[in-house]
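Peer 1: My file is structure.cif. It has mmCIF, C-alpha atoms and all ligand atoms; chains and numbers go by the auth columns:
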```cif
data_entry
#
loop_
_atom_site.group_PDB
_atom_site.id
_atom_site.type_symbol
_atom_site.label_atom_id
_atom_site.label_comp_id
_atom_site.label_asym_id
_atom_site.label_seq_id
_atom_site.Cartn_x
_atom_site.Cartn_y
_atom_site.Cartn_z
_atom_site.B_iso_or_equiv
_atom_site.auth_seq_id
_atom_site.auth_asym_id
ATOM 1 C CA MET A 1 -12.460 -19.552 19.077 0.00 19 A
ATOM 2 C CA ALA A 2 -12.015 -16.928 16.353 0.00 20 A
ATOM 3 C CA LYS A 3 -10.180 -13.796 17.432 0.00 21 A
ATOM 4 C CA ARG A 4 -11.963 -10.500 17.158 0.00 22 A
ATOM 5 C CA PRO A 5 -10.503 -8.615 14.172 0.00 23 A
ATOM 6 C CA THR A 6 -8.160 -5.809 15.107 0.00 24 A
ATOM 7 C CA SER A 7 -8.191 -2.497 13.272 0.00 25 A
ATOM 8 C CA PRO A 8 -5.245 -0.413 14.412 0.00 26 A
ATOM 9 C CA ALA A 9 -4.985 2.954 12.658 0.00 27 A
ATOM 10 C CA ALA A 10 -1.885 1.774 10.822 0.00 28 A
ATOM 11 C CA PHE A 11 -3.822 -1.105 9.264 0.00 29 A
ATOM 12 C CA GLN A 12 -6.152 -0.379 6.384 0.00 30 A
ATOM 13 C CA VAL A 13 -8.456 -2.756 4.575 0.00 31 A
ATOM 14 C CA ILE A 14 -9.001 -1.549 1.021 0.00 32 A
ATOM 15 C CA ASP A 15 -12.665 -2.368 0.678 0.00 33 A
ATOM 16 C CA HIS A 16 -13.546 -2.316 -3.014 0.00 34 A
ATOM 17 C CA PRO A 17 -15.990 -4.550 -4.928 0.00 35 A
ATOM 18 C CA ILE A 18 -13.480 -5.259 -7.724 0.00 36 A
ATOM 19 C CA LEU A 19 -10.792 -6.287 -5.241 0.00 37 A
ATOM 20 C CA ARG A 20 -13.254 -8.437 -3.278 0.00 38 A
ATOM 21 C CA HIS A 21 -14.386 -10.080 -6.514 0.00 39 A
ATOM 22 C CA MET A 22 -10.804 -10.849 -7.563 0.00 40 A
ATOM 23 C CA LEU A 23 -9.825 -12.106 -4.130 0.00 41 A
ATOM 24 C CA THR A 24 -12.813 -14.461 -4.115 0.00 42 A
ATOM 25 C CA GLU A 25 -11.642 -15.963 -7.402 0.00 43 A
ATOM 26 C CA ALA A 26 -8.071 -16.232 -6.085 0.00 44 A
ATOM 27 C CA ARG A 27 -9.307 -18.042 -2.957 0.00 45 A
ATOM 28 C CA ASP A 28 -11.232 -20.596 -5.037 0.00 46 A
ATOM 29 C CA LYS A 29 -9.246 -23.836 -5.010 0.00 47 A
ATOM 30 C CA ARG A 30 -10.367 -24.503 -8.614 0.00 48 A
ATOM 31 C CA THR A 31 -8.410 -21.438 -9.799 0.00 49 A
ATOM 32 C CA GLY A 32 -5.246 -22.728 -11.484 0.00 50 A
ATOM 33 C CA HIS A 33 -1.831 -21.094 -11.275 0.00 51 A
ATOM 34 C CA ALA A 34 -2.038 -19.187 -14.588 0.00 52 A
ATOM 35 C CA ARG A 35 -5.235 -17.407 -13.551 0.00 53 A
ATOM 36 C CA PHE A 36 -3.971 -17.044 -9.971 0.00 54 A
ATOM 37 C CA ARG A 37 -0.912 -15.213 -11.291 0.00 55 A
ATOM 38 C CA GLU A 38 -3.090 -12.923 -13.411 0.00 56 A
ATOM 39 C CA LEU A 39 -5.283 -12.134 -10.429 0.00 57 A
ATOM 40 C CA LEU A 40 -2.368 -11.385 -8.104 0.00 58 A
ATOM 41 C CA GLY A 41 -0.876 -9.033 -10.689 0.00 59 A
ATOM 42 C CA ALA A 42 -4.151 -7.188 -11.194 0.00 60 A
ATOM 43 C CA ILE A 43 -4.764 -6.926 -7.448 0.00 61 A
ATOM 44 C CA GLY A 44 -1.194 -5.688 -6.924 0.00 62 A
ATOM 45 C CA GLY A 45 -1.749 -2.907 -9.444 0.00 63 A
ATOM 46 C CA LEU A 46 -5.004 -1.779 -7.853 0.00 64 A
ATOM 47 C CA MET A 47 -3.507 -1.885 -4.380 0.00 65 A
ATOM 48 C CA ALA A 48 -0.490 0.141 -5.508 0.00 66 A
ATOM 49 C CA TYR A 49 -2.939 2.763 -6.756 0.00 67 A
ATOM 50 C CA GLU A 50 -4.625 2.972 -3.338 0.00 68 A
ATOM 51 C CA ALA A 51 -1.492 2.748 -1.220 0.00 69 A
ATOM 52 C CA THR A 52 0.254 5.570 -3.081 0.00 70 A
ATOM 53 C CA ARG A 53 -2.489 8.218 -2.963 0.00 71 A
ATOM 54 C CA ASP A 54 -0.264 10.552 -0.923 0.00 72 A
ATOM 55 C CA LEU A 55 2.968 10.091 -2.884 0.00 73 A
ATOM 56 C CA ALA A 56 5.009 13.232 -3.391 0.00 74 A
ATOM 57 C CA VAL A 57 5.168 14.611 -6.925 0.00 75 A
ATOM 58 C CA ASP A 58 7.566 16.995 -8.652 0.00 76 A
ATOM 59 C CA PRO A 59 6.512 19.633 -11.157 0.00 77 A
ATOM 60 C CA LEU A 60 6.930 18.709 -14.796 0.00 78 A
ATOM 61 C CA ALA A 61 6.110 21.030 -17.674 0.00 79 A
ATOM 62 C CA VAL A 62 5.242 19.437 -21.022 0.00 80 A
ATOM 63 C CA ASN A 63 3.974 20.803 -24.292 0.00 81 A
ATOM 64 C CA THR A 64 0.613 19.594 -25.516 0.00 82 A
ATOM 65 C CA PRO A 65 0.076 20.002 -29.267 0.00 83 A
ATOM 66 C CA LEU A 66 -1.474 23.386 -28.365 0.00 84 A
ATOM 67 C CA GLU A 67 0.399 24.916 -25.434 0.00 85 A
ATOM 68 C CA GLU A 68 2.548 24.328 -22.392 0.00 86 A
ATOM 69 C CA PHE A 69 1.063 22.328 -19.538 0.00 87 A
ATOM 70 C CA ARG A 70 2.456 22.425 -16.010 0.00 88 A
ATOM 71 C CA GLY A 71 1.989 18.884 -14.758 0.00 89 A
ATOM 72 C CA VAL A 72 3.678 16.561 -12.301 0.00 90 A
ATOM 73 C CA ARG A 73 5.579 13.340 -12.109 0.00 91 A
ATOM 74 C CA VAL A 74 5.862 10.941 -9.200 0.00 92 A
ATOM 75 C CA ARG A 75 8.924 11.724 -7.116 0.00 93 A
ATOM 76 C CA LEU A 76 11.694 9.170 -7.199 0.00 94 A
ATOM 77 C CA PRO A 77 13.214 7.145 -5.732 0.00 95 A
ATOM 78 C CA LEU A 78 10.368 4.827 -5.001 0.00 96 A
ATOM 79 C CA THR A 79 11.018 1.135 -4.503 0.00 97 A
ATOM 80 C CA ILE A 80 8.877 -1.975 -4.778 0.00 98 A
ATOM 81 C CA VAL A 81 10.216 -4.829 -2.662 0.00 99 A
ATOM 82 C CA PRO A 82 8.552 -8.226 -3.083 0.00 100 A
ATOM 83 C CA ILE A 83 9.230 -10.881 -0.479 0.00 101 A
ATOM 84 C CA LEU A 84 10.092 -14.013 -2.471 0.00 102 A
ATOM 85 C CA ARG A 85 8.441 -15.972 -3.729 0.00 103 A
ATOM 86 C CA ALA A 86 4.795 -15.003 -3.427 0.00 104 A
ATOM 87 C CA GLY A 87 5.366 -11.231 -3.451 0.00 105 A
ATOM 88 C CA LEU A 88 6.576 -11.445 -7.056 0.00 106 A
ATOM 89 C CA GLY A 89 3.047 -11.896 -8.424 0.00 107 A
ATOM 90 C CA MET A 90 1.683 -8.693 -6.919 0.00 108 A
ATOM 91 C CA ALA A 91 4.875 -6.703 -7.558 0.00 109 A
ATOM 92 C CA GLU A 92 4.623 -7.409 -11.256 0.00 110 A
ATOM 93 C CA GLY A 93 1.215 -5.690 -11.387 0.00 111 A
ATOM 94 C CA MET A 94 2.512 -2.725 -9.394 0.00 112 A
ATOM 95 C CA THR A 95 5.282 -1.965 -11.852 0.00 113 A
ATOM 96 C CA ARG A 96 2.652 -1.393 -14.550 0.00 114 A
ATOM 97 C CA TYR A 97 1.534 1.737 -12.692 0.00 115 A
ATOM 98 C CA LEU A 98 4.945 2.656 -11.319 0.00 116 A
ATOM 99 C CA PRO A 99 7.287 1.809 -14.209 0.00 117 A
ATOM 100 C CA ASP A 100 10.068 4.088 -12.934 0.00 118 A
ATOM 101 C CA ALA A 101 10.120 2.538 -9.460 0.00 119 A
ATOM 102 C CA GLY A 102 13.172 0.507 -8.544 0.00 120 A
ATOM 103 C CA THR A 103 12.712 -3.100 -7.490 0.00 121 A
ATOM 104 C CA GLY A 104 14.461 -4.810 -4.602 0.00 122 A
ATOM 105 C CA HIS A 105 14.117 -8.444 -3.571 0.00 123 A
ATOM 106 C CA ILE A 106 14.059 -10.077 -0.165 0.00 124 A
ATOM 107 C CA GLY A 107 14.194 -13.873 -0.172 0.00 125 A
ATOM 108 C CA MET A 108 12.562 -15.463 2.831 0.00 126 A
ATOM 109 C CA PHE A 109 10.662 -18.653 3.551 0.00 127 A
ATOM 110 C CA ARG A 110 8.881 -19.820 6.648 0.00 128 A
ATOM 111 C CA ASP A 111 10.353 -22.796 8.470 0.00 129 A
ATOM 112 C CA GLU A 112 7.230 -24.939 8.634 0.00 130 A
ATOM 113 C CA THR A 113 7.820 -26.376 12.112 0.00 131 A
ATOM 114 C CA GLN A 114 8.653 -23.273 14.157 0.00 132 A
ATOM 115 C CA LEU A 115 7.041 -20.855 11.632 0.00 133 A
ATOM 116 C CA ASN A 116 10.123 -18.634 11.846 0.00 134 A
ATOM 117 C CA PRO A 117 11.286 -16.716 8.761 0.00 135 A
ATOM 118 C CA VAL A 118 14.521 -17.891 7.176 0.00 136 A
ATOM 119 C CA GLY A 119 16.238 -15.261 5.028 0.00 137 A
ATOM 120 C CA TYR A 120 18.198 -16.424 1.964 0.00 138 A
ATOM 121 C CA TYR A 121 18.528 -13.419 -0.354 0.00 139 A
ATOM 122 C CA GLU A 122 18.668 -9.637 -0.268 0.00 140 A
ATOM 123 C CA LYS A 123 19.223 -7.241 -3.136 0.00 141 A
ATOM 124 C CA LEU A 124 18.027 -3.666 -2.765 0.00 142 A
ATOM 125 C CA PRO A 125 18.641 -0.553 -4.855 0.00 143 A
ATOM 126 C CA LEU A 126 21.402 1.621 -3.345 0.00 144 A
ATOM 127 C CA ASN A 127 18.986 4.562 -2.993 0.00 145 A
ATOM 128 C CA VAL A 128 16.220 2.513 -1.347 0.00 146 A
ATOM 129 C CA ALA A 129 16.198 4.740 1.776 0.00 147 A
ATOM 130 C CA GLY A 130 15.677 7.898 -0.289 0.00 148 A
ATOM 131 C CA GLY A 131 11.935 7.404 -0.752 0.00 149 A
ATOM 132 C CA PRO A 132 8.906 5.251 0.014 0.00 150 A
ATOM 133 C CA VAL A 133 9.173 1.476 -0.058 0.00 151 A
ATOM 134 C CA LEU A 134 6.234 -0.713 -1.053 0.00 152 A
ATOM 135 C CA LEU A 135 6.954 -4.029 0.659 0.00 153 A
ATOM 136 C CA VAL A 136 4.847 -6.725 -0.972 0.00 154 A
ATOM 137 C CA ASP A 137 3.722 -10.124 0.274 0.00 155 A
ATOM 138 C CA PRO A 138 0.216 -11.469 -0.296 0.00 156 A
ATOM 139 C CA MET A 139 0.092 -13.376 3.000 0.00 157 A
ATOM 140 C CA LEU A 140 0.482 -11.856 6.470 0.00 158 A
ATOM 141 C CA ALA A 141 0.065 -14.894 8.717 0.00 159 A
ATOM 142 C CA THR A 142 2.051 -14.958 11.978 0.00 160 A
ATOM 143 C CA GLY A 143 3.705 -11.741 10.809 0.00 161 A
ATOM 144 C CA GLY A 144 7.201 -13.190 11.258 0.00 162 A
ATOM 145 C CA SER A 145 8.267 -12.750 7.625 0.00 163 A
ATOM 146 C CA ALA A 146 6.898 -9.203 7.381 0.00 164 A
ATOM 147 C CA MET A 147 8.566 -8.167 10.651 0.00 165 A
ATOM 148 C CA ALA A 148 11.921 -9.560 9.553 0.00 166 A
ATOM 149 C CA ALA A 149 11.654 -7.785 6.187 0.00 167 A
ATOM 150 C CA VAL A 150 10.711 -4.475 7.838 0.00 168 A
ATOM 151 C CA THR A 151 13.624 -4.776 10.277 0.00 169 A
ATOM 152 C CA LEU A 152 15.959 -5.411 7.332 0.00 170 A
ATOM 153 C CA LEU A 153 14.635 -2.313 5.526 0.00 171 A
ATOM 154 C CA LYS A 154 14.931 -0.195 8.667 0.00 172 A
ATOM 155 C CA ASN A 155 18.525 -1.343 9.057 0.00 173 A
ATOM 156 C CA ARG A 156 19.007 0.059 5.567 0.00 174 A
ATOM 157 C CA LYS A 157 17.582 3.381 6.932 0.00 175 A
ATOM 158 C CA CYS A 158 14.216 3.184 5.107 0.00 176 A
ATOM 159 C CA LYS A 159 11.633 5.380 6.810 0.00 177 A
ATOM 160 C CA ASP A 160 8.444 5.340 4.751 0.00 178 A
ATOM 161 C CA ILE A 161 7.611 1.639 4.527 0.00 179 A
ATOM 162 C CA ARG A 162 4.179 0.458 3.350 0.00 180 A
ATOM 163 C CA LEU A 163 3.350 -3.213 3.615 0.00 181 A
ATOM 164 C CA ILE A 164 0.986 -4.342 0.885 0.00 182 A
ATOM 165 C CA CYS A 165 -0.600 -7.717 1.495 0.00 183 A
ATOM 166 C CA LEU A 166 -3.682 -9.415 0.191 0.00 184 A
ATOM 167 C CA VAL A 167 -4.932 -11.417 3.160 0.00 185 A
ATOM 168 C CA ALA A 168 -3.958 -10.702 6.758 0.00 186 A
ATOM 169 C CA ALA A 169 -4.576 -12.701 9.919 0.00 187 A
ATOM 170 C CA PRO A 170 -5.549 -10.715 13.035 0.00 188 A
ATOM 171 C CA GLU A 171 -2.676 -12.318 14.970 0.00 189 A
ATOM 172 C CA GLY A 172 -0.130 -11.177 12.370 0.00 190 A
ATOM 173 C CA VAL A 173 -1.506 -7.648 12.116 0.00 191 A
ATOM 174 C CA GLU A 174 -1.449 -7.236 15.891 0.00 192 A
ATOM 175 C CA ARG A 175 2.135 -8.488 16.127 0.00 193 A
ATOM 176 C CA VAL A 176 3.491 -6.373 13.281 0.00 194 A
ATOM 177 C CA VAL A 177 1.736 -3.216 14.476 0.00 195 A
ATOM 178 C CA ARG A 178 3.045 -3.740 18.018 0.00 196 A
ATOM 179 C CA GLU A 179 6.618 -4.204 16.795 0.00 197 A
ATOM 180 C CA HIS A 180 6.521 -1.540 14.061 0.00 198 A
ATOM 181 C CA PRO A 181 3.839 1.055 14.953 0.00 199 A
ATOM 182 C CA ASP A 182 5.153 3.444 12.288 0.00 200 A
ATOM 183 C CA LEU A 183 4.455 0.971 9.476 0.00 201 A
ATOM 184 C CA ARG A 184 1.404 1.357 7.245 0.00 202 A
ATOM 185 C CA ILE A 185 -0.268 -1.903 6.286 0.00 203 A
ATOM 186 C CA PHE A 186 -2.765 -2.342 3.444 0.00 204 A
ATOM 187 C CA ALA A 187 -4.791 -5.507 2.851 0.00 205 A
ATOM 188 C CA VAL A 188 -7.864 -6.533 0.903 0.00 206 A
ATOM 189 C CA SER A 189 -9.129 -8.726 3.720 0.00 207 A
ATOM 190 C CA GLN A 190 -8.540 -9.362 7.376 0.00 208 A
ATOM 191 C CA ASP A 191 -9.380 -13.032 7.664 0.00 209 A
ATOM 192 C CA ARG A 192 -10.603 -14.905 10.719 0.00 210 A
ATOM 193 C CA GLU A 193 -7.614 -16.654 12.289 0.00 211 A
ATOM 194 C CA LEU A 194 -4.621 -18.933 11.871 0.00 212 A
ATOM 195 C CA ASP A 195 -4.929 -22.702 11.993 0.00 213 A
ATOM 196 C CA ASP A 196 -2.540 -24.843 14.026 0.00 214 A
ATOM 197 C CA ARG A 197 -0.074 -24.997 11.083 0.00 215 A
ATOM 198 C CA GLY A 198 -0.010 -21.206 10.824 0.00 216 A
ATOM 199 C CA TYR A 199 -2.209 -21.065 7.709 0.00 217 A
ATOM 200 C CA ILE A 200 -4.714 -18.262 7.351 0.00 218 A
ATOM 201 C CA LEU A 201 -8.404 -19.240 7.556 0.00 219 A
ATOM 202 C CA PRO A 202 -10.288 -19.030 5.282 0.00 220 A
ATOM 203 C CA GLY A 203 -7.212 -17.747 3.383 0.00 221 A
ATOM 204 C CA LEU A 204 -6.225 -19.029 -0.029 0.00 222 A
ATOM 205 C CA GLY A 205 -3.750 -21.761 0.826 0.00 223 A
ATOM 206 C CA ASP A 206 -0.026 -21.521 0.091 0.00 224 A
ATOM 207 C CA ALA A 207 0.338 -18.421 -2.078 0.00 225 A
ATOM 208 C CA GLY A 208 3.810 -19.263 -3.424 0.00 226 A
ATOM 209 C CA ASP A 209 2.779 -22.775 -4.433 0.00 227 A
ATOM 210 C CA ARG A 210 -0.401 -21.550 -6.088 0.00 228 A
ATOM 211 C CA LEU A 211 1.472 -18.808 -7.947 0.00 229 A
ATOM 212 C CA PHE A 212 4.168 -21.080 -9.325 0.00 230 A
ATOM 213 C CA GLY A 213 2.239 -24.343 -9.569 0.00 231 A
ATOM 214 C CA THR A 214 4.612 -26.137 -7.185 0.00 232 A
ATOM 215 C CA SER A 215 1.821 -27.977 -5.393 0.00 233 A
ATOM 216 C CA GLU A 216 0.258 -29.488 -8.516 0.00 234 A
HETATM 217 C C1 LIG B . 4.582 -17.331 2.830 0.00 301 A
HETATM 218 C C2 LIG B . 4.100 -15.942 2.498 0.00 301 A
HETATM 219 C C3 LIG B . 4.821 -15.082 3.491 0.00 301 A
HETATM 220 C C4 LIG B . 4.864 -15.976 4.710 0.00 301 A
HETATM 221 C C5 LIG B . 3.790 -15.544 5.663 0.00 301 A
HETATM 222 O O1 LIG B . 5.831 -17.558 2.285 0.00 301 A
HETATM 223 O O2 LIG B . 4.309 -15.569 1.175 0.00 301 A
HETATM 224 O O3 LIG B . 6.114 -14.702 3.085 0.00 301 A
HETATM 225 O O4 LIG B . 4.608 -17.318 4.250 0.00 301 A
HETATM 226 O O5 LIG B . 3.864 -16.230 6.839 0.00 301 A
HETATM 227 P P1 LIG B . 4.234 -15.516 8.223 0.00 301 A
HETATM 228 O O6 LIG B . 3.436 -14.256 8.314 0.00 301 A
HETATM 229 O O7 LIG B . 3.796 -16.552 9.244 0.00 301 A
HETATM 230 O O8 LIG B . 5.709 -15.291 8.260 0.00 301 A
HETATM 231 P P2 LIG B . 6.500 -19.022 2.312 0.00 301 A
HETATM 232 O O9 LIG B . 7.263 -19.221 3.566 0.00 301 A
HETATM 233 O O10 LIG B . 5.440 -20.033 2.022 0.00 301 A
HETATM 234 O O11 LIG B . 7.557 -18.933 1.133 0.00 301 A
HETATM 235 P P3 LIG B . 7.327 -18.995 -0.441 0.00 301 A
HETATM 236 O O12 LIG B . 6.630 -17.715 -0.836 0.00 301 A
HETATM 237 O O13 LIG B . 8.689 -19.092 -1.004 0.00 301 A
HETATM 238 O O14 LIG B . 6.478 -20.197 -0.743 0.00 301 A
HETATM 239 N N1 LIG B . 1.738 -18.552 3.890 0.00 302 A
HETATM 240 C C1 LIG B . 0.848 -18.816 2.896 0.00 302 A
HETATM 241 O O1 LIG B . 1.212 -18.880 1.707 0.00 302 A
HETATM 242 N N2 LIG B . -0.430 -19.020 3.241 0.00 302 A
HETATM 243 C C2 LIG B . -0.862 -18.971 4.519 0.00 302 A
HETATM 244 O O2 LIG B . -2.070 -19.159 4.773 0.00 302 A
HETATM 245 C C3 LIG B . 0.074 -18.685 5.520 0.00 302 A
HETATM 246 C C4 LIG B . 1.377 -18.473 5.182 0.00 302 A
#
```
Could you rewrite the structure in this file as structure tokens?

Peer 2:
Amino acid sequence: MAKRPTSPAAFQVIDHPILRHMLTEARDKRTGHARFRELLGAIGGLMAYEATRDLAVDPLAVNTPLEEFRGVRVRLPLTIVPILRAGLGMAEGMTRYLPDAGTGHIGMFRDETQLNPVGYYEKLPLNVAGGPVLLVDPMLATGGSAMAAVTLLKNRKCKDIRLICLVAAPEGVERVVREHPDLRIFAVSQDRELDDRGYILPGLGDAGDRLFGTSE
């Protein structure tokens, strides 16, 4: 039976018609990998916009052609950390809005029998703990990969961690929130449940394969 969706305060569904429209197209199995990549990038950019509403800014004075203007710029450091592989698609769109953000990479895949995350790569900017981290992975299924990535970032002393995913399963959200109650999680959809192979239903299939065309 489907689990009742959870909505802990730390978990926020960004409910926007444009995002819902794009996610519907991304879910469609007829959408090929070139369009899928475009969609993930565009969604990543829009989600970055929503998930960074409260970012700190520093004053910045500039001169317009007419006079001085006292404006702002986003405070750095700020780091975007995609979980490889699938996080790369959304991260690319985020950097369009946050071009001065650093980028770190966490390589992790899910062992398909036990569904446990297996880490294989880690490269983070030295100043990653100095500011917010946007941790990006389109799929939050059992939550194992996200929890391992958050633990890794916390071991590097990161405090303000925001997990940006596209589709989240209730089971994964519940698990991640229980383990990391200080984390903020943003998604476009909380889907119904996981199937017996740990895939999100209705979901969009294997995000990494669809992004890179490795299932075709
Ligand atoms: C997918 C996805 C997440 C993980 C989610 O990656 O991108 O990282 O599975 O599952 P979980 O919440 O149960 O841990 P995958 O293992 O398919 O690796 P890939 O992106 O390299 O294909
Ligand atoms: N990883 C994916 O790419 N898709 C799922 O549905 C679950 C894990």

Peer 1: Kindly indicate which residue among A:Asp129, A:Asp200, A:Glu43, A:Asp178 lies nearest to ligand LIG 302 (chain A), using only C-alpha atoms and all ligand atoms for the distances.

Peer 2: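 Counting only C-alpha atoms and all ligand atoms, the residue closest to ligand LIG 302 (chain A) is A:Asp129.
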
Peer 1: Considering all atoms listed in the file, can you say which of A:Leu171, A:Met65, A:Ala109, A:Val31 comes closest to Pro188 of chain A?

Peer 2: A:Val31

Peer 1: Collect all residues with atoms no farther than 9 Å from ligand LIG 301 (chain A), counting only C-alpha atoms and all ligand atoms, and output them as number ranges by chain.

Peer 2: A: 101-106, 125-130, 133-136, 155-166, 186-187, 190, 216-218, 224-230, 232

Peer 1: Looking at A:Glu86, A:Glu68, A:Glu189, A:Glu197, which one is nearest to ligand LIG 302 (chain A), with distances taken over only C-alpha atoms and all ligand atoms?

Peer 2: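 Going through A:Glu86, A:Glu68, A:Glu189, A:Glu197 one by one, the smallest distance to ligand LIG 302 (chain A) is for A:Glu189.
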
Peer 1: Around the point (-1.3, 2.8, 8.5) (coordinates from the file), which residues reach within 8 Å if we count only C-alpha atoms? Answer as an mmCIF file with C-alpha atoms, keeping the file's coordinate frame.

Peer 2:
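So the final result, stored in part.cif, reads:
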```
data_model
loop_
_atom_site.group_PDB
_atom_site.id
_atom_site.type_symbol
_atom_site.label_atom_id
_atom_site.label_comp_id
_atom_site.auth_asym_id
_atom_site.auth_seq_id
_atom_site.Cartn_x
_atom_site.Cartn_y
_atom_site.Cartn_z
ATOM 1 C CA PRO A 26 -5.245 -0.413 14.412
ATOM 2 C CA ALA A 27 -4.985 2.954 12.658
ATOM 3 C CA ALA A 28 -1.885 1.774 10.822
ATOM 4 C CA PHE A 29 -3.822 -1.105 9.264
ATOM 5 C CA GLN A 30 -6.152 -0.379 6.384
ATOM 6 C CA ARG A 180 4.179 0.458 3.350
ATOM 7 C CA ASP A 200 5.153 3.444 12.288
ATOM 8 C CA LEU A 201 4.455 0.971 9.476
ATOM 9 C CA ARG A 202 1.404 1.357 7.245
ATOM 10 C CA ILE A 203 -0.268 -1.903 6.286
ATOM 11 C CA PHE A 204 -2.765 -2.342 3.444
#
```

Peer 1: Spell out the residues picked by the PyMOL selection byres (((chain A and resi 76) around 8) and not hetatm) here, as a list in words.

Peer 2: Ala74, Val75, Pro77, Leu78, Val90, Arg91, Val92 and Arg93 of chain A

Peer 1: Extract, using all atoms listed in the file, all DNA, RNA and protein residues at most 7 Å from Gly63 of chain A, discarding same-chain residues fewer than 3 positions from it, and format them as a PDB file with C-alpha atoms, in the frame of the given file.

Peer 2:
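around_3.pdb, freshly written:
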```pdb
ATOM      1  CA  GLY A  59      -0.876  -9.033 -10.689  1.00  0.00           C
ATOM      2  CA  ALA A  60      -4.151  -7.188 -11.194  1.00  0.00           C
ATOM      3  CA  ALA A  66      -0.490   0.141  -5.508  1.00  0.00           C
ATOM      4  CA  TYR A  67      -2.939   2.763  -6.756  1.00  0.00           C
ATOM      5  CA  GLY A 111       1.215  -5.690 -11.387  1.00  0.00           C
ATOM      6  CA  MET A 112       2.512  -2.725  -9.394  1.00  0.00           C
ATOM      7  CA  ARG A 114       2.652  -1.393 -14.550  1.00  0.00           C
ATOM      8  CA  TYR A 115       1.534   1.737 -12.692  1.00  0.00           C
TER       9      TYR A 115
END
```

Peer 1: My list of candidates is A:Ile179, A:Val154, A:Leu222, A:Ala167. Which is closest to ligand LIG 302 (chain A) when distances are computed with all atoms listed in the file?

Peer 2: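 Using all atoms listed in the file, the shortest distance to ligand LIG 302 (chain A) belongs to A:Leu222.
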
Peer 1: Please list as a count of residues only every residue within 6 Å of segment 119-121 of chain A, counting only C-alpha atoms and excluding residues in the same chain fewer than 4 positions away.

Peer 2: 4

Peer 1: For atom CA of Arg45 of chain A and atom CA of Arg215 of chain A, quote the distance in Å rounded to one decimal.

Peer 2: 18.2 Å

Peer 1: Quick one: which residues end up in the PyMOL selection byres (((chain A and resi 57) around 10) and not hetatm) for this structure, as a list of chain:residue names?

Peer 2: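 In the shown coordinates, the PyMOL selection byres (((chain A and resi 57) around 10) and not hetatm) covers A:Leu37, A:Met40, A:Leu41, A:Glu43, A:Ala44, A:Thr49, A:His51, A:Ala52, A:Arg53, A:Phe54, A:Arg55, A:Glu56, A:Leu58, A:Gly59, A:Ala60, A:Ile61, A:Gly62, A:Gly63, A:Gly107, A:Met108, A:Gly111, A:Leu229.
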
Peer 1: Suppose you want the space between atom CA of Gly221 of chain A and atom CA of Pro199 of chain A; what is it in Å?

Peer 2: 24.7 Å

Peer 1: Provide the atom CA of Leu152 of chain A to atom CA of Ala69 of chain A distance in Å, to one decimal place.

Peer 2: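 Result for atom CA of Leu152 of chain A versus atom CA of Ala69 of chain A: 8.5 Å, one decimal.
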
Peer 1: So what does the PyMOL selection byres (((chain A and resi 140) around 7) and not hetatm) actually pick up in this one, as a ChimeraX atom specification?

Peer 2: /A:123-125,139,141-142

Peer 1: My list of candidates is A:Val80, A:Cys176, A:Ile182, A:Ile32. Which is closest to Leu144 of chain A when distances are computed with all atoms listed in the file?

Peer 2: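 Under the stated criterion, the closest residue is A:Cys176.
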
Peer 1: How big is the axis-aligned box around the listed atoms of segment 80-92 of chain A once 3 Å is added on each side, and where is its centre? Give both in Å to one decimal, as AutoDock Vina command-line options.

Peer 2:
```
--center_x 2.2 --center_y 17.9 --center_z -19.2 --size_x 13.3 --size_y 20.0 --size_z 26.1
```

Peer 1: Between A:Arg193, A:Arg174, A:Arg210, A:Arg88, which is the closest to ligand LIG 302 (chain A) once you count only C-alpha atoms and all ligand atoms?

Peer 2: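 The answer is A:Arg210, which sits nearest to ligand LIG 302 (chain A).
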